[in-house]
Amino acid sequence: MVKYEGYPEEMWESIEKVEATREERLKEVMERLSPEAKEELLKKWHPDYRPEGKREIRIGPNEGDLAPNEVVDLLESHSPINPDEIDLSEIDFDVDVLVIGGGGSGASAALWANYSGIKADRILITTKLRLGDANTKMAQGGIQAADRPEDSPAIHFIDVIGGGHYANKPELVRILVEEAPLIIKWHEELGIMYDKDMEGNFIEVHGGGTSRKRMHAAKDYTGLEIMRVLMDEIWNREIEVLEFSPAIELLMDEEGQVAGALLYNLETGQYYVVRAKAVVLASGGFGRLHIQDFPTTNHYGATMDGVVMGYRVGARLRDMDAVQYHPTGAAFPEQIVGQLVTEKVRGLGAQLVNKDGEQFVYPLEPRDVVASAIIRECYGKNKGVITPTGLRGVWLDSPMIELIHGEGTIKRYLAAMYRQFSRFNIDITKEPMLVFPTLHYMNGGIEINSRAQALNVEGKPIPGFFAAGEVTGGVHGKNRLMGNSLLDINVFGRRAGIFAADRAKKAKVGKLTLKHIVKWENMLKEKGIVTDRTAPILLPDYRGEKVLSRSIKIPF
Amino acid sequence: MSLKTIEETKPKLKMVSIYIMGKEYKVPAGLTILKAMEYVGYRLIRGVGCRAGFCGACSTVYRLKGDYRLYTGLACQTTIKDGMYLVQLPFVPAKKQIYNIDELKPDFASVVKYYPEITRCVQCNSCTKVCPQDVQVMDAIQAILRGDIEKAAHLTFDCIACGLCSMRCPAEIVHYNVFQLVRRLYGKYIAKKSKHLEERLKEIEEGKFREELDRLVRAGPEEWKKLYAEREIEP
């Protein structure tokens with residue numbers, strides 16, 4: 001008899017154990033870990049603490065700092081262009097505000113620049129793939145904002161800074177929490193469909209590391225809903241969008257201001273020169289670098305281009321040593337390994353259990369803690385379930401949600417998750433999901449100030465250079481909480497748009513130059529860095545080994 | 001903790017034939033269409049996006065050997081089958097109307113003004129049949145025609161704008177753009193506004209939290225640690 005259609009027979013025994021212990025576990029509450037116990041768990045099991053995963057950066061504003069090998073590889077790369085071959089005298093796009101990146105931060109920045117008086121045809125959004133092709137669209141669980149009477153921005157502040165291991169820039173955290181309700185209001189006005197109760201108040205749940213229920217959601221398509229409305233508004237306002245044209249270097253002027261970017265048409269190979277009075281870098285994070293070989297939840301285009309380009313004009317980075325692994329990536333079936341299983345599943349009451357059906361961690365600890373506990377369970381205690389392709393994982397007991405909140409809750413509030421697993425014959429209302437940590441978020445990035453200006457090695461703003469969203473560092477410290485990224489992109493995207501508009505009204509930019517790239521190449525030589533690697537890499541390469549090993553290029 | 005790649009797991013898997021735009025390739029069974037195309041050497045720029053079923057970039061149309069039917073799916077979420085003839089449909093030419101959401105009413109007239117072709121719906125249900133998200137597309141169009149904006153908004157919430165419905169529609173409706181308008185009308189005008197939010201915004205404007213936040217920003221790690229440890233957690 002086929003007991004669990006979507007799971008191979010060797011996994012059935014463990015599922016039965018999960019079912020057998022479910023009723024007892026419903027009454028069981030795991031204790032939260034003490035600060036000391038958390039520290040110990042992280043040190044022993046979090047991938048960030050594996051010394052072989054990191055090395056020192058040898059060049060630039062962060063010389064001497066540790067970062068993951070995959071990050072350092074790109075920071076120590078050559079530019080993909082030869083400045084001598086680029087003609088900067090012919091300008092293809094001359095605008096007030098250039099926004100690099102078509103995700104949530106970029107869209108917010110463009111809209112708020114427009115609201116702030118910059119005409120739509122004086123704004124250019126350039127993006128690697130299509131407008132909206134970004135991690136924003138894939139964000140499922142929600143967006144935090146302290147708007148219930150039981151909650152306050154101050155309580156939100158403490159949650160954020162504690163979750164970030166007190167490494168956050170406090171003035172940025174303050175802005176994040178204080179402007180959160182304003183963002184939700186903006187969204188309501190735009191017509192974003194948040195989940196609400198009969199009175200019109202938001203249905204809010206917990207996320208990992210929150211002390212109040214403040215997760216606003218639109219089913220488990222929260223990011224998609226936000227993104228598509230922002231896109232609709234960009235089209236309605238006729239802001240110019242250039243798709244399939246990623247930035248490959250920033251451009252400066254003779255006074256050392258950031259004054260535009262060099263774009264590359266992915267389909268034709270042509271470059272474009274953009275001159276701008278203000279540049280907003282909103283190009284996202286690094287999931288597709290597969291740090292320490294982890295699979296990722298991230299979009300195809302998440303290749304850390306912005307950090308690479310910003311670093312070459314002198315932007316200082318921070319917290320690049322801290323990588324976020326989402327505790328619950330799919331570990332089965334093989335087709336969706338690494339894809340996100342939203343934290344909202346735990347927010348609604350599902351527990352994490354090992355192969356014997358035992359709980360082993362309080363499910364809503366901050367992400368780094370839960371991820372470490374799962375890795376320990378699988379590789380330290382050998383209590384993980386092994387899949388047919390040799391991966392390990394633990395169970396996320398989703399059927400509990402229906403027992404706690406009533407039948408139909410999953411289909412209503414976790415529609416995306418239900419659909420994703422149904423496609424592979426797993427019914428998550430009846431069967432648990434197998435999960436393992438997956439590379440999720442770049443906690444650090446380019447350091448910004450409260451006006452979303454990128455800072456140089458001395459901590460001073462680089463004129464003309466604004467940044468927002470995942471490409472930046474400081475807001476989340478060493479570990480971001482669920483629901484604070486959708487918030488971040490709106491709060492700081494908005495700020496970047498407003499302050500970029502402000503600058504664009506006054507600033508004058510001079511002759512464009514790529515001298516900083518010549519300087520960079522000389523610096524590589526001086527530091528004795530020998531490599532044939534170039535960056536930004538724009539896209540990962542997933543072609544099969546055999547194809548790559550027999551690949552040749554001939555002119556035709 | 002090294003994670004196995006497709007290459008390493010290959011020997012266990014049996015090989016099947018797929019036909020990418022008619023050309024045959026042998027690939028390990030069990031891959032998604034997207035991973036199979038990459039496995040044989042495609043490096044995609046179009047027809048690929050989030051790789052997780054949320055962005056609608058990888059619409060794919062296919063037939064199976066010996067079967068007259070035309071099937072559709074997302075390349076990142078569909079497992080290949082032996083004898084699958086496929087082509088990707090990475091772009092749909094579509095009309096997107098320009099409107100100011102602040103000037104509209106949440107009714108049939110607002111929608112039909114911008115998208116009059118919705119009245120041409122012949123209820124053939126082709127749209128619903130091709131939807132990879134199982135959205136009741138035709139029902140939603142019919143709801144709009146009855147003036148039921150709320151129903152249409154909820155019915156279409158899971159739409160990822162892949163455009164397959166619009167390519168099949170004999171009435172040439174661009175469903176996903178119509179639905180975007182409808183959902184915004186619902187979210188802005190029909191859904192009740194949150195009172196809690198209004199109250200909180202007023203408090204923020206009055207500066208109720210300013211001093212406390214000023215203090216928290218200056219407090220420093222020792223004080224933060226203490227406050228974090230003392231948090232009361234809402235059950």
# chains A, B, ... in the order shown; residues from 1 in each chain; ligands from 1
>>> residues_around(residues="Met417 in chain A", least_positions_apart="6", cutoff="8 Å", atoms="only C-alpha atoms", output="MDAnalysis selection string")
chainID A and resid 220 341:342
>>> residues_around(residues="Pro170 in chain B", least_positions_apart="5", cutoff="9 Å", atoms="only C-alpha atoms", output="ChimeraX atom specification")
/B:120-122,124,126
>>> write_last_selection(atoms="N, CA and C atoms", output="PDB file, in the first residue's frame")
ATOM      1  N   ARG B 120     -15.564  40.375 -24.072  1.00  0.00           N
ATOM      2  CA  ARG B 120     -15.550  39.405 -25.183  1.00  0.00           C
ATOM      3  C   ARG B 120     -15.365  37.971 -24.701  1.00  0.00           C
ATOM      4  N   CYS B 121     -15.231  37.777 -23.399  1.00  0.00           N
ATOM      5  CA  CYS B 121     -15.017  36.431 -22.846  1.00  0.00           C
ATOM      6  C   CYS B 121     -16.132  35.493 -23.307  1.00  0.00           C
ATOM      7  N   VAL B 122     -15.745  34.339 -23.885  1.00  0.00           N
ATOM      8  CA  VAL B 122     -16.734  33.386 -24.377  1.00  0.00           C
ATOM      9  C   VAL B 122     -16.881  32.184 -23.443  1.00  0.00           C
ATOM     10  N   CYS B 124     -14.818  29.913 -22.503  1.00  0.00           N
ATOM     11  CA  CYS B 124     -14.293  28.647 -23.022  1.00  0.00           C
ATOM     12  C   CYS B 124     -13.444  27.942 -21.980  1.00  0.00           C
ATOM     13  N   SER B 126     -10.329  28.121 -21.428  1.00  0.00           N
ATOM     14  CA  SER B 126      -8.951  27.788 -21.834  1.00  0.00           C
ATOM     15  C   SER B 126      -7.953  28.388 -20.858  1.00  0.00           C
TER      16      SER B 126
END
>>> residues_around(residues="Gly164 in chain A", least_positions_apart="4", cutoff="8 Å", atoms="only C-alpha atoms", output="JSON, numbers by chain")
{"A": [160, 168, 476, 477, 478, 479, 480, 481]}
>>> atom_distance(atom1="CA of Asp92 in chain A", atom2="CA of Tyr271 in chain A")
9.4 Å
>>> interface_residues(of="chain B", to="chain A", cutoff="7 Å", atoms="only C-alpha atoms", output="number ranges by chain")
B: 2-3, 9, 31-32, 38-43, 49-52, 54-55, 98-100, 184-188, 191-197, 200-201, 212-213, 217, 221, 224-225, 228, 231-234
>>> closest_residue(among="B:Leu104, B:Met21, B:Lys95, B:Val135", to="Arg63 in chain B", atoms="only C-alpha atoms")
B:Met21
>>> select_by_dssp(residues="range 40-211 of chain B", states="alpha helix (DSSP H)", output="ChimeraX atom specification")
/B:108-114,126-130,137-145,149-155,164-168,175-185,195-205,210-211
>>> closest_residue(among="A:Ile489, A:Ile248, A:Leu317, A:Ala259", to="Ile446 in chain A", atoms="only C-alpha atoms")
A:Leu317
>>> atom_distance(atom1="CA of Gly406 in chain A", atom2="CA of Leu348 in chain A")
11.2 Å
>>> residues_around(residues="Thr513 in chain A", least_positions_apart="2", cutoff="9 Å", atoms="only C-alpha atoms", output="ChimeraX atom specification")
/A:83,88,251-254,259,511,515-516
>>> closest_residue(among="B:Arg183, B:Lys113, B:Arg168, B:Arg218", to="Asn125 in chain B", atoms="only C-alpha atoms")
B:Arg168
>>> residues_around(residues="Ala276 in chain A", least_positions_apart="4", cutoff="7 Å", atoms="only C-alpha atoms", output="ChimeraX atom specification")
/A:94-98,259-260
>>> write_last_selection(atoms="N, CA and C atoms", output="compact mmCIF listing (two decimals), in the first residue's frame")
# COMPACT_ATOMS: atom_id res chain seq x y z
N ASP A 94 21.11 60.30 -20.13
CA ASP A 94 21.54 61.39 -19.25
C ASP A 94 20.36 61.69 -18.32
N VAL A 95 20.47 61.31 -17.05
CA VAL A 95 19.31 61.40 -16.15
C VAL A 95 19.67 62.08 -14.83
N ASP A 96 18.65 62.36 -14.05
CA ASP A 96 18.89 62.89 -12.70
C ASP A 96 19.22 61.76 -11.73
N VAL A 97 18.36 60.73 -11.75
CA VAL A 97 18.56 59.63 -10.81
C VAL A 97 18.64 58.31 -11.58
N LEU A 98 19.72 57.60 -11.38
CA LEU A 98 19.86 56.24 -11.93
C LEU A 98 19.67 55.26 -10.79
N ALA A 259 28.84 59.24 -10.68
CA ALA A 259 28.13 60.07 -11.65
C ALA A 259 27.47 59.26 -12.76
N GLY A 260 27.26 57.98 -12.51
CA GLY A 260 26.59 57.17 -13.54
C GLY A 260 27.04 55.73 -13.48
>>> residues_around(residues="range 79-84 of chain B", least_positions_apart="3", cutoff="7 Å", atoms="only C-alpha atoms", output="list of chain:residue names")
B:Val16, B:Ser17, B:Ile18, B:Tyr19, B:Ala29, B:Gly30, B:Leu31, B:Thr32, B:Ile33, B:Tyr62, B:Arg63, B:Leu64, B:Lys65
>>> atom_distance(atom1="CA of Glu243 in chain A", atom2="CA of Ile125 in chain A")
8.3 Å
>>> select_by_dssp(residues="range 1-230 of chain B", states="strand (DSSP E)", output="JSON, numbers by chain")
{"B": [15, 16, 17, 18, 19, 20, 23, 24, 25, 26, 27, 28, 59, 60, 61, 62, 63, 64, 71, 72, 73, 74, 84, 85, 86, 87, 88]}
>>> residues_around(residues="Val48 in chain B", least_positions_apart="4", cutoff="7 Å", atoms="only C-alpha atoms", output="list in words")
Leu44, Ala57 and Cys58 of chain B
>>> closest_residue(among="B:Ala219, B:Ile101, B:Cys159, B:Ala171", to="Gln123 in chain B", atoms="only C-alpha atoms")
B:Ala171
